[in-house]
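Colleague: My questions all concern the structure below.
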Amino acid sequence: MRTFDLAPLYRSAIGFDRLASLLEQRAESQPSYPPYNVELLAEDKYRIVMALAGFTRDEVEIVSERDTLHVTGRKQKDATERTYLHRGIAARDFEQRFQLANHVKVTTASFDNGMLTIDLVREVPEALKPRKIQIGDANGTVDNVQQLEQRQAA
């Protein structure tokens with residue numbers, strides 16, 4: 001197994017301790033069931049597609065809690081006794097967790113032909129978006145031309 005030296009990250013980035021722990025957690029366990037894709041649709045739009053062969057809509061639950069998305073599948077017990085010569089469809093219970101970045105929210109979820117599709121979007125509030133700070137003179141005043149340009153842009 002590989003190990004990563006995150007010391008350079010700590011030297012130049014502040015507040016990314018959580019990022020290091022997330023990387024370590026993902027390196028430790030990589031669940032392979034059920035198979036899924038994570039797609040980037042646009043700059044702030046994402047999609048998770050999970051292949052859930054043998055499951056019905058009622059057997060799957062999606063819960064979004066703070067920065068974690070939980071997808072759980074609980075297979076109903078089949079009353080019919082079956083004898084398999086080959087069993088390749090793994091219809092077992094599962095729990096899949098996805099760490100969500102700040103301000104990522106689930107917009108829609110659909111289940112069609114054994115494929116679960118979850119659409120997500122990152123909505124950063126206006127108060128948290130970057131803003132340009134004007135530099136004034138020693139008195140704290142900003143050039144009038146810059147103020148007029150800002151008003152016209154708004």
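Every chain in the structure tokens takes a letter, A first, then B, and so on in the order presented; its residues are numbered from 1, and the ligands are numbered from 1 following the presented order.
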Skipping near chain neighbours, those fewer than 5 positions away, what residues fall within 9 Å of Arg92 (chain A) using only C-alpha atoms, listed as a PyMOL selection string?
Modeller: chain A and resi 73-75
Colleague: Need the shell around Asn113 (chain A): protein/DNA/RNA residues with any atom at most 10 Å away, counting only C-alpha atoms. Skip same-chain ones fewer than 2 positions apart. Format as a PyMOL selection string?
Modeller: chain A and resi 51-56+111+115-116
Colleague: May I have the selected residues written with C-alpha atoms, as a CSV table (one decimal), in the first residue's frame?
Modeller:
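This went into part_39.csv:
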chain,number,residue,atom,x,y,z
A,51,ALA,CA,-26.1,0.0,-10.7
A,52,LEU,CA,-28.6,-1.7,-8.3
A,53,ALA,CA,-29.6,-4.8,-10.2
A,54,GLY,CA,-32.3,-6.8,-8.4
A,55,PHE,CA,-33.4,-3.9,-6.1
A,56,THR,CA,-36.6,-2.0,-6.2
A,111,PHE,CA,-34.5,5.0,-10.0
A,115,MET,CA,-30.0,2.4,-12.1
A,116,LEU,CA,-30.1,4.9,-9.3
Colleague: Please, what distance in Å, to one decimal, runs between CA of Tyr33 (chain A) and CA of Glu81 (chain A)?
Modeller: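 That distance, rounded to one decimal, is 24.5 Å.
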Colleague: Considering only C-alpha atoms, can you say which of A:Ala109, A:Ile133, A:Ile89, A:Ala127 comes closest to Glu61 (chain A)?
Modeller: A:Ala109
Colleague: Using only C-alpha atoms, which of A:Leu128, A:Val121, A:Ala90, A:Ala138 sits nearest Glu39 (chain A)?
Modeller: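 Of all the options, A:Val121 lies closest to Glu39 (chain A).
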Colleague: In Å to one decimal, how far is CA of Lys77 (chain A) from CA of Ala91 (chain A)?
Modeller: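 Spanning CA of Ala91 (chain A) to CA of Lys77 (chain A) is a straight-line distance of 10.2 Å.
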